[in-house]
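Engineer: To be precise about what I am sending: the file is called my_file.txt and holds compact mmCIF, C-alpha atoms.
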# COMPACT_ATOMS: atom_id res chain seq x y z
CA MET P 1 -34.65 10.16 151.77
CA ASN P 2 -33.68 8.84 148.17
CA PRO P 3 -29.94 10.46 146.64
CA VAL P 4 -28.95 9.88 143.02
CA ARG P 5 -25.63 8.17 142.48
CA ALA P 6 -23.57 10.02 139.88
CA LEU P 7 -21.81 6.96 138.48
CA ALA P 8 -24.78 4.57 138.30
CA ALA P 9 -25.84 5.33 134.72
CA PRO P 10 -22.32 5.20 133.18
CA LEU P 11 -21.63 1.87 134.91
CA LEU P 12 -24.83 0.33 133.59
CA LEU P 13 -24.23 1.59 130.05
CA LEU P 14 -20.68 0.26 130.07
CA SER P 15 -21.85 -3.09 131.38
CA LEU P 16 -24.56 -3.36 128.74
CA PHE P 17 -22.04 -2.58 125.99
CA LEU P 18 -19.57 -5.14 127.26
CA THR P 19 -22.18 -7.89 127.29
CA LEU P 20 -22.43 -7.96 123.50
CA PRO P 21 -21.34 -11.38 122.17
CA LEU P 22 -17.56 -11.62 121.84
CA ALA P 23 -17.86 -14.38 119.27
CA PRO P 24 -20.83 -16.08 117.60
CA GLY P 25 -22.68 -18.34 120.04
CA THR P 26 -20.68 -17.39 123.14
CA ALA P 27 -23.17 -15.18 125.02
CA LEU P 28 -26.80 -15.41 125.95
CA ALA P 29 -29.29 -13.11 124.24
CA GLN P 30 -30.06 -10.27 126.61
CA SER P 31 -33.31 -8.44 127.24
CA VAL P 32 -33.60 -4.89 128.45
CA PRO P 33 -33.45 -5.08 132.29
CA ASP P 34 -36.31 -2.63 132.85
CA ALA P 35 -38.97 -4.44 130.88
CA PRO P 36 -38.34 -7.98 129.70
CA SER P 37 -40.80 -8.89 126.98
CA VAL P 38 -40.50 -12.69 127.30
CA ALA P 39 -40.11 -15.18 130.12
CA LEU P 40 -36.49 -15.32 131.23
CA THR P 41 -34.43 -18.36 132.14
CA PRO P 42 -32.91 -18.47 135.68
CA GLU P 43 -29.53 -17.58 134.14
CA GLU P 44 -30.95 -14.53 132.37
CA GLN P 45 -32.75 -13.44 135.55
CA LEU P 46 -29.51 -13.71 137.51
CA TYR P 47 -27.67 -11.67 134.86
CA GLN P 48 -30.29 -8.93 134.96
CA GLN P 49 -30.08 -8.88 138.76
CA ALA P 50 -26.32 -8.38 138.48
CA LEU P 51 -26.79 -5.49 136.03
CA GLN P 52 -29.35 -3.96 138.36
CA SER P 53 -26.92 -4.27 141.27
CA LEU P 54 -24.34 -2.36 139.22
CA ALA P 55 -26.89 0.37 138.44
CA GLU P 56 -27.66 0.70 142.15
CA GLY P 57 -23.99 0.89 143.13
CA ARG P 58 -23.92 -2.52 144.83
CA LYS P 59 -20.66 -3.78 143.31
CA GLY P 60 -20.18 -6.45 145.98
CA ASP P 61 -23.57 -7.98 145.20
CA ALA P 62 -22.92 -7.69 141.45
CA SER P 63 -19.61 -9.53 141.85
CA GLN P 64 -21.27 -12.39 143.75
CA GLN P 65 -24.08 -12.64 141.20
CA MET P 66 -21.68 -12.65 138.23
CA SER P 67 -19.54 -15.31 139.95
CA ARG P 68 -22.61 -17.51 140.36
CA LEU P 69 -23.53 -16.93 136.73
CA VAL P 70 -20.17 -17.97 135.25
CA LYS P 71 -20.39 -21.18 137.29
CA MET P 72 -23.90 -21.83 135.96
CA VAL P 73 -23.06 -20.85 132.35
CA PRO P 74 -19.28 -21.10 131.76
CA GLN P 75 -19.72 -20.02 128.11
CA HIS P 76 -21.29 -16.65 129.08
CA ALA P 77 -18.49 -14.41 127.77
CA GLY P 78 -20.20 -11.18 128.75
CA ALA P 79 -20.48 -12.27 132.37
CA TRP P 80 -16.78 -13.19 132.47
CA LEU P 81 -15.80 -9.77 131.17
CA ASP P 82 -18.22 -7.92 133.48
CA LEU P 83 -16.88 -9.87 136.45
CA ALA P 84 -13.30 -8.95 135.48
CA LEU P 85 -14.18 -5.25 135.26
CA ILE P 86 -16.02 -5.34 138.60
CA GLN P 87 -13.07 -6.99 140.31
CA CYS P 88 -10.76 -4.41 138.75
CA SER P 89 -12.96 -1.55 140.01
CA LEU P 90 -12.78 -3.09 143.50
CA GLY P 91 -8.98 -3.09 143.39
CA GLN P 92 -8.63 -6.89 143.02
CA ALA P 93 -5.89 -6.66 140.37
CA ASP P 94 -4.72 -10.31 140.46
CA GLU P 95 -8.25 -11.69 140.18
CA ALA P 96 -9.12 -9.22 137.42
CA GLU P 97 -6.02 -10.22 135.42
CA ARG P 98 -6.92 -13.91 135.74
CA LEU P 99 -10.40 -13.17 134.41
CA PHE P 100 -9.11 -10.96 131.57
CA ALA P 101 -6.75 -13.75 130.50
CA ASN P 102 -9.64 -16.21 130.60
CA VAL P 103 -11.68 -14.01 128.24
CA GLU P 104 -8.74 -13.65 125.84
CA THR P 105 -7.90 -17.36 125.65
CA ARG P 106 -11.37 -18.92 125.73
CA PHE P 107 -13.59 -16.61 123.68
CA ASN P 108 -11.52 -15.16 120.81
CA PRO P 109 -12.80 -11.61 121.52
CA ALA P 110 -13.17 -8.94 118.87
CA ARG P 111 -10.56 -6.22 118.46
CA GLU P 112 -12.74 -3.62 120.26
CA ILE P 113 -12.98 -5.84 123.32
CA LEU P 114 -9.24 -6.48 123.33
CA GLU P 115 -8.67 -2.72 123.25
CA LEU P 116 -10.99 -2.28 126.24
CA ILE P 117 -9.09 -4.93 128.18
CA ALA P 118 -5.77 -3.31 127.28
CA GLU P 119 -7.09 0.06 128.43
CA ALA P 120 -8.21 -1.43 131.75
CA ARG P 121 -4.75 -2.93 132.24
CA ASP P 122 -3.00 0.34 131.35
CA THR P 123 -5.22 2.30 133.72
CA GLY P 124 -4.63 -0.17 136.53
CA CYS P 125 -7.00 -1.74 139.02
CA MET P 126 -7.02 0.91 141.67
CA ALA P 127 -8.49 0.17 145.08
CA TRP P 128 -12.11 1.18 145.47
CA ALA P 129 -12.49 4.92 146.10
CA PRO P 130 -15.74 6.48 147.32
CA SER P 131 -17.51 8.99 145.09
CA SER P 132 -19.36 12.00 146.44
CA SER P 133 -21.71 14.73 145.30
CA GLY P 134 -23.18 17.85 146.80
CA THR P 135 -25.19 21.02 146.33
CA ILE P 136 -24.80 24.48 147.88
CA SER P 137 -27.52 27.12 147.55
CA VAL P 138 -27.58 30.75 148.62
CA SER P 139 -31.00 32.43 148.51
CA ARG P 140 -32.70 35.75 149.03
CA GLY P 141 -36.44 35.83 149.65
CA ILE P 142 -39.51 37.55 151.08
CA ASP P 143 -41.94 35.90 153.53
CA ASP P 144 -45.28 37.66 154.13
CA ASN P 145 -46.10 35.69 157.31
CA VAL P 146 -42.92 34.85 159.17
CA ASN P 147 -44.68 34.05 162.46
CA GLN P 148 -47.67 32.16 160.94
CA GLY P 149 -49.92 34.90 162.24
CA ALA P 150 -53.66 34.22 162.35
CA SER P 151 -55.79 35.08 159.32
CA ASN P 152 -58.50 36.53 161.58
CA SER P 153 -57.70 39.49 163.79
CA SER P 154 -60.07 38.27 166.54
CA PHE P 155 -60.75 35.03 168.37
CA ILE P 156 -64.33 33.92 169.07
CA ILE P 157 -64.99 31.95 172.25
CA GLU P 158 -68.25 30.13 172.86
CA GLY P 159 -69.23 30.57 176.53
CA PRO P 160 -72.31 29.87 178.64
CA ASP P 161 -73.60 33.36 177.93
CA GLY P 162 -73.00 33.19 174.18
CA SER P 163 -70.14 34.10 171.84
CA VAL P 164 -67.38 36.45 172.96
CA GLU P 165 -65.09 38.05 170.38
CA LEU P 166 -61.60 38.85 171.61
CA PRO P 167 -59.17 40.96 169.55
CA LEU P 168 -55.76 39.36 169.06
CA LEU P 169 -52.61 41.05 170.21
CA ASP P 170 -50.33 42.40 167.48
CA ASP P 171 -47.82 39.58 168.06
CA PHE P 172 -50.40 37.06 166.83
CA LEU P 173 -51.00 38.84 163.51
CA PRO P 174 -48.98 38.19 160.32
CA LYS P 175 -45.50 39.77 160.11
CA ARG P 176 -43.68 40.33 156.83
CA ASP P 177 -39.89 40.26 156.47
CA GLY P 178 -37.06 39.53 154.05
CA TYR P 179 -34.56 36.74 154.64
CA THR P 180 -31.27 35.27 153.50
CA GLN P 181 -30.91 31.52 153.37
CA MET P 182 -28.12 29.03 152.85
CA SER P 183 -28.49 25.29 152.35
CA ALA P 184 -26.07 22.46 151.59
CA ASP P 185 -26.44 18.76 150.79
CA TYR P 186 -23.59 16.25 150.70
CA VAL P 187 -23.69 12.55 149.76
CA ARG P 188 -20.71 10.15 149.91
CA ASP P 189 -20.29 6.43 149.29
CA LEU P 190 -19.37 4.53 152.45
CA THR P 191 -18.95 1.04 150.97
CA ALA P 192 -18.52 -0.51 147.55
CA ASN P 193 -21.89 -2.19 147.96
CA GLY P 194 -24.03 0.94 147.76
CA THR P 195 -24.19 2.16 151.35
CA LEU P 196 -23.92 5.94 151.48
CA GLY P 197 -23.90 8.68 154.06
CA PHE P 198 -25.49 12.10 153.75
CA LEU P 199 -25.49 15.50 155.43
CA GLN P 200 -28.09 18.25 155.05
CA PHE P 201 -27.90 21.78 156.42
CA GLN P 202 -30.21 24.76 156.10
CA GLY P 203 -30.06 28.13 157.81
CA ARG P 204 -32.39 31.12 157.40
CA ARG P 205 -31.72 34.63 158.78
CA TYR P 206 -34.46 37.27 158.77
CA ASP P 207 -33.67 40.94 158.30
CA SER P 208 -35.43 42.20 161.43
CA MET P 209 -37.42 39.36 163.06
CA ARG P 210 -34.33 37.60 164.34
CA ARG P 211 -36.15 35.50 166.94
CA TYR P 212 -37.59 33.49 164.05
CA ASP P 213 -34.18 32.66 162.54
CA THR P 214 -33.95 28.92 161.91
CA ALA P 215 -31.18 26.39 161.36
CA SER P 216 -31.23 22.62 160.94
CA LEU P 217 -28.66 19.85 160.49
CA TYR P 218 -29.40 16.23 159.57
CA ALA P 219 -27.07 13.27 159.04
CA GLY P 220 -27.87 9.73 158.03
CA ILE P 221 -26.91 6.46 156.37
CA GLU P 222 -28.75 4.68 153.56
CA SER P 223 -28.18 1.08 152.46
CA PRO P 224 -29.70 -0.80 149.50
CA TRP P 225 -30.65 -4.47 149.68
CA ARG P 226 -32.11 -6.84 147.12
CA PHE P 227 -34.14 -9.95 147.83
CA GLY P 228 -34.76 -11.61 144.49
CA ARG P 229 -36.51 -8.95 142.42
CA TRP P 230 -37.49 -6.89 145.48
CA LEU P 231 -35.37 -3.78 146.11
CA VAL P 232 -35.23 -2.54 149.71
CA ARG P 233 -33.56 0.61 151.03
CA THR P 234 -33.07 1.26 154.74
CA THR P 235 -32.31 4.73 156.09
CA GLY P 236 -31.42 5.99 159.53
CA ALA P 237 -31.07 9.70 160.30
CA LEU P 238 -30.50 12.04 163.22
CA GLY P 239 -31.20 15.77 163.21
CA VAL P 240 -31.32 18.92 165.28
CA SER P 241 -32.98 22.26 164.59
CA GLY P 242 -32.82 25.64 166.27
CA MET P 243 -34.86 28.82 166.36
CA GLY P 244 -33.73 32.28 167.41
CA GLY P 245 -30.24 31.02 168.20
CA HIS P 246 -31.47 28.34 170.63
CA LEU P 247 -31.92 24.58 170.34
CA TYR P 248 -35.53 23.89 169.39
CA GLN P 249 -35.96 20.25 168.38
CA ARG P 250 -34.16 16.90 168.08
CA GLN P 251 -35.22 14.09 165.74
CA ALA P 252 -34.36 10.46 165.09
CA GLN P 253 -35.83 8.60 162.13
CA ALA P 254 -35.78 5.10 160.69
CA GLN P 255 -37.19 4.48 157.22
CA LEU P 256 -37.79 1.44 155.03
CA ARG P 257 -38.50 1.77 151.30
CA VAL P 258 -39.58 -1.27 149.30
CA THR P 259 -39.83 -1.43 145.50
CA PRO P 260 -41.93 -4.46 144.53
CA PRO P 261 -41.49 -6.05 141.06
CA LEU P 262 -44.91 -5.11 139.70
CA PRO P 263 -45.87 -5.26 135.99
CA LEU P 264 -46.00 -1.49 135.54
CA PRO P 265 -45.61 0.53 132.32
CA PRO P 266 -42.02 1.28 131.21
CA ARG P 267 -40.14 3.91 133.26
CA THR P 268 -42.74 3.66 136.04
CA GLN P 269 -42.01 2.53 139.60
CA LEU P 270 -44.03 2.10 142.76
CA HIS P 271 -42.29 2.50 146.12
CA LEU P 272 -43.84 1.58 149.48
CA ILE P 273 -42.36 3.54 152.38
CA GLY P 274 -42.67 3.15 156.12
CA ALA P 275 -41.08 5.55 158.60
CA ALA P 276 -40.92 6.04 162.36
CA THR P 277 -39.73 9.37 163.79
CA HIS P 278 -39.14 10.41 167.38
CA ILE P 279 -39.43 14.17 167.98
CA ASP P 280 -38.02 15.74 171.13
CA TYR P 281 -38.47 19.45 171.95
CA ALA P 282 -35.77 21.21 173.94
CA THR P 283 -38.14 23.39 176.02
CA LEU P 284 -41.63 22.01 175.29
CA ASP P 285 -41.59 18.56 176.87
CA THR P 286 -45.36 18.10 176.57
CA PHE P 287 -45.05 18.24 172.76
CA ASN P 288 -42.63 15.30 172.49
CA SER P 289 -44.06 12.60 170.24
CA ASP P 290 -43.51 9.56 168.02
CA MET P 291 -44.75 9.78 164.43
CA PHE P 292 -45.45 6.81 162.17
CA GLU P 293 -46.00 7.06 158.40
CA LEU P 294 -47.01 4.74 155.58
CA ARG P 295 -46.63 6.11 152.05
CA ALA P 296 -46.98 4.95 148.48
CA LEU P 297 -44.91 6.81 145.88
CA LEU P 298 -45.58 6.34 142.16
CA SER P 299 -42.90 7.74 139.81
CA HIS P 300 -43.00 8.03 136.04
CA TYR P 301 -40.37 9.33 133.63
CA THR P 302 -40.88 9.97 129.92
CA GLY P 303 -37.89 11.55 128.26
CA SER P 304 -37.30 14.85 130.05
CA PHE P 305 -40.71 14.84 131.77
CA SER P 306 -41.19 13.37 135.24
CA ALA P 307 -44.15 13.00 137.57
CA ASN P 308 -44.34 11.82 141.18
CA ALA P 309 -47.54 11.14 143.11
CA THR P 310 -47.66 10.27 146.82
CA VAL P 311 -50.42 9.22 149.19
CA GLY P 312 -49.82 8.57 152.87
CA LEU P 313 -51.28 7.90 156.31
CA MET P 314 -49.80 9.35 159.50
CA SER P 315 -50.17 8.75 163.22
CA ASP P 316 -48.65 11.13 165.77
CA ARG P 317 -48.54 9.65 169.27
CA ALA P 318 -48.02 12.10 172.12
CA ARG P 319 -45.55 11.09 174.84
CA ALA P 320 -47.02 13.40 177.47
CA ASP P 321 -50.13 15.44 178.15
CA ARG P 322 -49.98 17.35 174.87
CA PRO P 323 -52.88 19.67 173.95
CA GLY P 324 -55.22 17.58 171.80
CA GLU P 325 -53.27 14.42 172.74
CA ASN P 326 -52.75 11.94 169.85
CA ARG P 327 -53.60 12.87 166.28
CA HIS P 328 -53.89 11.09 162.96
CA GLY P 329 -53.84 12.38 159.40
CA ASN P 330 -53.20 11.79 155.73
CA TYR P 331 -51.70 13.59 152.77
CA VAL P 332 -51.48 13.55 149.02
CA SER P 333 -48.93 15.24 146.81
CA LEU P 334 -48.17 15.60 143.12
CA THR P 335 -44.95 16.91 141.56
CA LEU P 336 -44.44 17.59 137.83
CA ARG P 337 -41.13 18.52 136.20
CA GLN P 338 -40.70 19.54 132.55
CA PRO P 339 -38.21 21.56 130.45
CA ILE P 340 -40.00 24.52 128.86
CA GLY P 341 -37.32 25.79 126.47
CA LEU P 342 -34.35 28.16 126.64
CA LYS P 343 -32.62 25.60 128.90
CA THR P 344 -35.19 26.31 131.62
CA VAL P 345 -36.82 23.56 133.68
CA ALA P 346 -40.18 24.17 135.35
CA GLU P 347 -41.47 22.32 138.40
CA LEU P 348 -44.95 22.43 139.91
CA ALA P 349 -45.92 20.72 143.18
CA TYR P 350 -49.13 20.49 145.20
CA THR P 351 -49.60 18.96 148.67
CA ARG P 352 -52.68 18.57 150.85
CA GLN P 353 -52.28 17.41 154.45
CA THR P 354 -54.84 16.80 157.21
CA TRP P 355 -54.51 16.33 160.97
CA ASP P 356 -57.31 15.41 163.39
CA SER P 357 -56.71 15.42 167.15
CA ALA P 358 -58.18 12.90 169.55
CA SER P 359 -59.52 15.29 172.20
CA ALA P 360 -60.30 18.93 172.94
CA TYR P 361 -57.27 21.17 172.45
CA SER P 362 -57.21 23.00 175.79
CA PRO P 363 -60.47 23.39 177.78
CA GLU P 364 -58.63 25.25 180.56
CA LEU P 365 -57.76 27.95 178.01
CA LEU P 366 -61.38 28.06 176.80
CA ILE P 367 -60.44 26.12 173.63
CA ASP P 368 -62.64 23.07 174.05
CA GLN P 369 -62.80 22.14 170.34
CA VAL P 370 -61.13 19.06 168.88
CA ARG P 371 -58.56 20.49 166.49
CA ALA P 372 -58.99 19.65 162.76
CA GLN P 373 -56.22 21.00 160.52
CA ARG P 374 -56.32 21.18 156.70
CA THR P 375 -53.20 22.51 154.96
CA GLN P 376 -52.60 23.02 151.23
CA VAL P 377 -49.23 23.98 149.74
CA LEU P 378 -48.64 25.04 146.13
CA ARG P 379 -45.06 25.48 144.92
CA ALA P 380 -43.69 26.50 141.51
CA SER P 381 -40.07 26.92 140.42
CA LEU P 382 -37.98 27.74 137.35
CA THR P 383 -34.37 26.52 137.08
CA TYR P 384 -31.96 28.06 134.58
CA PRO P 385 -28.29 27.01 134.17
CA ILE P 386 -25.95 30.00 134.09
CA ALA P 387 -22.68 28.03 133.90
CA LYS P 388 -21.35 24.52 134.22
CA ARG P 389 -22.66 23.12 137.53
CA GLN P 390 -24.34 26.44 138.39
CA ASN P 391 -28.07 27.24 138.32
CA VAL P 392 -30.36 30.11 139.16
CA VAL P 393 -33.67 29.05 140.72
CA LEU P 394 -36.76 31.23 141.10
CA GLU P 395 -39.33 29.72 143.46
CA ALA P 396 -42.76 30.79 144.72
CA ARG P 397 -44.71 29.09 147.48
CA ALA P 398 -48.23 29.57 148.85
CA VAL P 399 -49.62 27.94 152.02
CA ARG P 400 -53.28 27.93 152.98
CA ASN P 401 -53.91 26.50 156.46
CA ARG P 402 -57.57 26.09 157.43
CA GLU P 403 -58.68 24.90 160.86
CA ASN P 404 -61.83 24.78 162.95
CA ILE P 405 -60.01 26.81 165.63
CA SER P 406 -59.67 30.26 164.09
CA ILE P 407 -56.58 31.31 166.04
CA PHE P 408 -54.57 28.64 164.21
CA GLN P 409 -55.67 29.58 160.69
CA TYR P 410 -53.05 31.31 158.57
CA ASN P 411 -51.95 32.06 155.03
CA ASN P 412 -48.36 32.32 153.91
CA ARG P 413 -46.64 33.33 150.67
CA GLN P 414 -42.96 33.29 149.87
CA ILE P 415 -40.87 34.14 146.82
CA GLN P 416 -37.21 33.24 146.65
CA LEU P 417 -34.29 33.63 144.21
CA SER P 418 -31.38 31.22 144.62
CA TRP P 419 -27.92 30.61 143.22
CA GLN P 420 -27.10 26.88 143.18
CA TRP P 421 -23.71 25.20 142.80
CA LEU P 422 -23.48 21.47 142.05
CA TYR P 423 -20.54 19.22 142.92
CA PRO P 424 -18.86 17.56 141.16
Would you kindly transcribe this structure into structure tokens?

Structural biologist:
Amino acid sequence: MNPVRALAAPLLLLSLFLTLPLAPGTALAQSVPDAPSVALTPEEQLYQQALQSLAEGRKGDASQQMSRLVKMVPQHAGAWLDLALIQCSLGQADEAERLFANVETRFNPAREILELIAEARDTGCMAWAPSSSGTISVSRGIDDNVNQGASNSSFIIEGPDGSVELPLLDDFLPKRDGYTQMSADYVRDLTANGTLGFLQFQGRRYDSMRRYDTASLYAGIESPWRFGRWLVRTTGALGVSGMGGHLYQRQAQAQLRVTPPLPLPPRTQLHLIGAATHIDYATLDTFNSDMFELRALLSHYTGSFSANATVGLMSDRARADRPGENRHGNYVSLTLRQPIGLKTVAELAYTRQTWDSASAYSPELLIDQVRAQRTQVLRASLTYPIAKRQNVVLEARAVRNRENISIFQYNNRQIQLSWQWLYP
């Protein structure tokens, strides 16, 4: 789980502007933080780390880094002014005023900088206030296989006397139905150093197949950390989900995401992610398990185009005598996003996931095969803004699940039209 902070970009742009030399020879030459073209001095590296902290919402870390910098390089006018603005944004009015006065008396700032300082004084150094953002979506869709009914209408069992073909009951065949869905996401700053909390809700109500109605609620906390040039994000989350009006599953997850400082092309980042999830079923105790994941996410942005590629390994460890016992798997995914004109943004995503069990699924039920699952998901969407902070989203999804046990094979297609409201 990775949320975008609404104020990160404006803060970074303001900081970059304010670091222009206030007078000839008073500030260090600055390189672009994303891709320095020459070797940087320790002072320049520290300054870039402070700018990065601002971009990531870690004002406390940025303040400490700027304070270290002005002690190392007392003539760094840009750092003095940035430090004053950070202290002001944290509500430290007396300290900010001392720093503003220092800039005015020591560096003979240009008129534009004096006007910025005057504006900051007129506005006042208010105590830190958390920012928040959210999204609400209301959708209407059609699902042609609500119950994940089997693709084959019969089940073949291999017995001592040969193959036996058994017709499946109607309940095990695909069922089509319309649905209404509502989802909401909310993110709020918890500290001035980048820690945030989030809530996610989704509920789906089918027109006639009400026993397949679903609802889920997740809450968590995410904190950023930086160790030198390494960015680390830790996330903890708890969640519950229900089906047919009854509690179905509980989850607890811990995740660590590391961004190493690799020499990648501009606007490209590699994230290494590890996660551990405990899954507890309300009525199916034998299916309780612990899942462990290792993923590598490569992201690239070029103007309005973005691409994300993920590869991962998974291990699902059963806590009881689950059919098939432990299982391991892997997955790959690719997501592309591009404006296509008329204010419309298109997104295309593909995922392939595999699971292989450790033992026969259920010999006592005449299913003595070791389950091997291969699932492919293709998703396409078009997003069109209809008003300020309002979008219409048309989405289509196709799932193809292939397994060596025919009763578990299924296909699924969905099409959905959503109205989306963004806050703020």

Engineer: Which of these residues is nearest to Gln49 of chain P, using all atoms listed in the file: P:Trp225, P:Asn108, P:Ala118, P:Val187?

Structural biologist: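 Selected residue with least distance to Gln49 of chain P: P:Trp225.
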
Engineer: For atom CA of Leu238 of chain P and atom CA of Gln202 of chain P, quote the distance in Å rounded to one decimal.

Structural biologist: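 Here the two named atoms are 14.6 Å from each other.
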
Engineer: Quick one: residues within 10 Å of Ser418 of chain P, all atoms listed in the file, excluding same-chain residues fewer than 6 positions away - as a ChimeraX atom specification?

Structural biologist: /P:136-141,180-182,383,391-395

Engineer: What's the separation between atom CA of Phe201 of chain P and atom CA of Asp213 of chain P, in Å to one decimal place?

Structural biologist: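 Separation between atom CA of Phe201 of chain P and atom CA of Asp213 of chain P: 14.0 Å.
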
Engineer: Report, in Å with one decimal, the straight-line distance from atom CA of Glu165 of chain P to atom CA of Ala372 of chain P.

Structural biologist: 20.8 Å

Engineer: Could you check which residues have any atom within 7 Å of (-21.6, -11.1, 137.4), counting all atoms listed in the file with coordinates taken straight from the file, and then list them as a PyMOL selection string?

Structural biologist: chain P and resi 47+50+62-67+69+79+82-83

Engineer: Using only C-alpha atoms, find the one residue out of P:Leu298, P:Leu169, P:Ala320, P:Val240 that sits nearest to Ala252 of chain P.

Structural biologist: P:Val240

Engineer: Can you find the residues with an atom no farther than 8 Å from (-54.2, 14.3, 154.7), counting all atoms listed in the file, and report them as a count of residues only?

Structural biologist: 11

Engineer: Nearest to Gln390 of chain P: which of P:Ser289, P:Ser223, P:Asn412, P:Thr135 is it, counting all atoms listed in the file?

Structural biologist: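 Closest to Gln390 of chain P, using all atoms listed in the file: P:Thr135.
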
Engineer: Determine the nearest neighbour of Val232 of chain P from the options P:Ser53, P:Gln253, P:Ser315, P:Ser153, counting all atoms listed in the file.

Structural biologist: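 Looking only at the distances to Val232 of chain P, the closest residue turns out to be P:Ser53.
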
Engineer: Of the residues P:Arg204, P:His328, P:His76, P:Arg322, which is the one nearest to Ile142 of chain P, using only C-alpha atoms?

Structural biologist: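 Looking at the shortest contact to Ile142 of chain P, the residue is P:Arg204.
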
Engineer: Compare P:Pro224, P:Gln251, P:Gly244, P:Gly303 by their minimum atom-to-atom distance to Ala192 of chain P, counting only C-alpha atoms, and give me the closest one.

Structural biologist: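 Distance minimum relative to Ala192 of chain P lands on P:Pro224.
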
Engineer: Given 3 Å of margin on each side, can you work out the centre and size in Å (one decimal) of an axis-aligned box holding every listed atom of segment 80-96 of chain P, as JSON?

Structural biologist:
{"center_x": -11.5, "center_y": -7.4, "center_z": 137.3, "size_x": 19.5, "size_y": 17.6, "size_z": 18.3}

Engineer: List as a ChimeraX atom specification the protein and nucleic acid residues near Pro363 of chain P, meaning an atom at most 12 Å away when all atoms listed in the file are counted, but skip any in the same chain fewer than 4 places from it.

Structural biologist: /P:157-159,323-324,359,367-371

Engineer: Write out, as a compact mmCIF listing (two decimals), in the coordinates of the input, the residues just selected, with C-alpha atoms.

Structural biologist:
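Contents of again-v3.txt, as written:
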# COMPACT_ATOMS: atom_id res chain seq x y z
CA ILE P 157 -64.99 31.95 172.25
CA GLU P 158 -68.25 30.13 172.86
CA GLY P 159 -69.23 30.57 176.53
CA PRO P 323 -52.88 19.67 173.95
CA GLY P 324 -55.22 17.58 171.80
CA SER P 359 -59.52 15.29 172.20
CA ILE P 367 -60.44 26.12 173.63
CA ASP P 368 -62.64 23.07 174.05
CA GLN P 369 -62.80 22.14 170.34
CA VAL P 370 -61.13 19.06 168.88
CA ARG P 371 -58.56 20.49 166.49

Engineer: Pick out the residues sitting within 9 Å of Tyr410 of chain P, and hand them over as a PyMOL selection string; count only C-alpha atoms, and ignore anything fewer than 3 positions along from it in its own chain.

Structural biologist: chain P and resi 145+148-152+174+399-403+406-407

Engineer: Env of Arg257 of chain P: 12 Å cut, atoms = all atoms listed in the file, seq-sep filter 3 positions within chain, self excluded. Answer as a count of residues only.

Structural biologist: 27

Engineer: Generate N, CA and C atoms for segment 364-375 of chain P and emit them as an mmCIF file, in the coordinates of the input.

Structural biologist:
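And here is the file that came out, selection34.cif:
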data_model
loop_
_atom_site.group_PDB
_atom_site.id
_atom_site.type_symbol
_atom_site.label_atom_id
_atom_site.label_comp_id
_atom_site.auth_asym_id
_atom_site.auth_seq_id
_atom_site.Cartn_x
_atom_site.Cartn_y
_atom_site.Cartn_z
ATOM 1 N N GLU P 364 -58.994 24.276 179.519
ATOM 2 C CA GLU P 364 -58.630 25.250 180.560
ATOM 3 C C GLU P 364 -58.323 26.627 179.979
ATOM 4 N N LEU P 365 -57.986 26.677 178.686
ATOM 5 C CA LEU P 365 -57.760 27.950 178.010
ATOM 6 C C LEU P 365 -58.964 28.352 177.154
ATOM 7 N N LEU P 366 -60.120 27.766 177.476
ATOM 8 C CA LEU P 366 -61.380 28.060 176.800
ATOM 9 C C LEU P 366 -61.371 27.624 175.325
ATOM 10 N N ILE P 367 -60.455 26.687 174.976
ATOM 11 C CA ILE P 367 -60.440 26.120 173.630
ATOM 12 C C ILE P 367 -60.847 24.649 173.775
ATOM 13 N N ASP P 368 -62.146 24.418 173.794
ATOM 14 C CA ASP P 368 -62.640 23.070 174.050
ATOM 15 C C ASP P 368 -63.039 22.339 172.754
ATOM 16 N N GLN P 369 -62.539 22.804 171.607
ATOM 17 C CA GLN P 369 -62.800 22.140 170.340
ATOM 18 C C GLN P 369 -61.708 21.111 170.047
ATOM 19 N N VAL P 370 -62.096 20.044 169.352
ATOM 20 C CA VAL P 370 -61.130 19.060 168.880
ATOM 21 C C VAL P 370 -60.516 19.597 167.587
ATOM 22 N N ARG P 371 -59.221 19.799 167.589
ATOM 23 C CA ARG P 371 -58.560 20.490 166.490
ATOM 24 C C ARG P 371 -58.586 19.654 165.210
ATOM 25 N N ALA P 372 -58.979 20.270 164.089
ATOM 26 C CA ALA P 372 -58.990 19.650 162.760
ATOM 27 C C ALA P 372 -58.264 20.597 161.813
ATOM 28 N N GLN P 373 -57.112 20.158 161.330
ATOM 29 C CA GLN P 373 -56.220 21.000 160.520
ATOM 30 C C GLN P 373 -56.227 20.527 159.072
ATOM 31 N N ARG P 374 -56.360 21.476 158.126
ATOM 32 C CA ARG P 374 -56.320 21.180 156.700
ATOM 33 C C ARG P 374 -55.359 22.165 156.043
ATOM 34 N N THR P 375 -54.241 21.655 155.514
ATOM 35 C CA THR P 375 -53.200 22.510 154.960
ATOM 36 C C THR P 375 -52.963 22.169 153.492
#
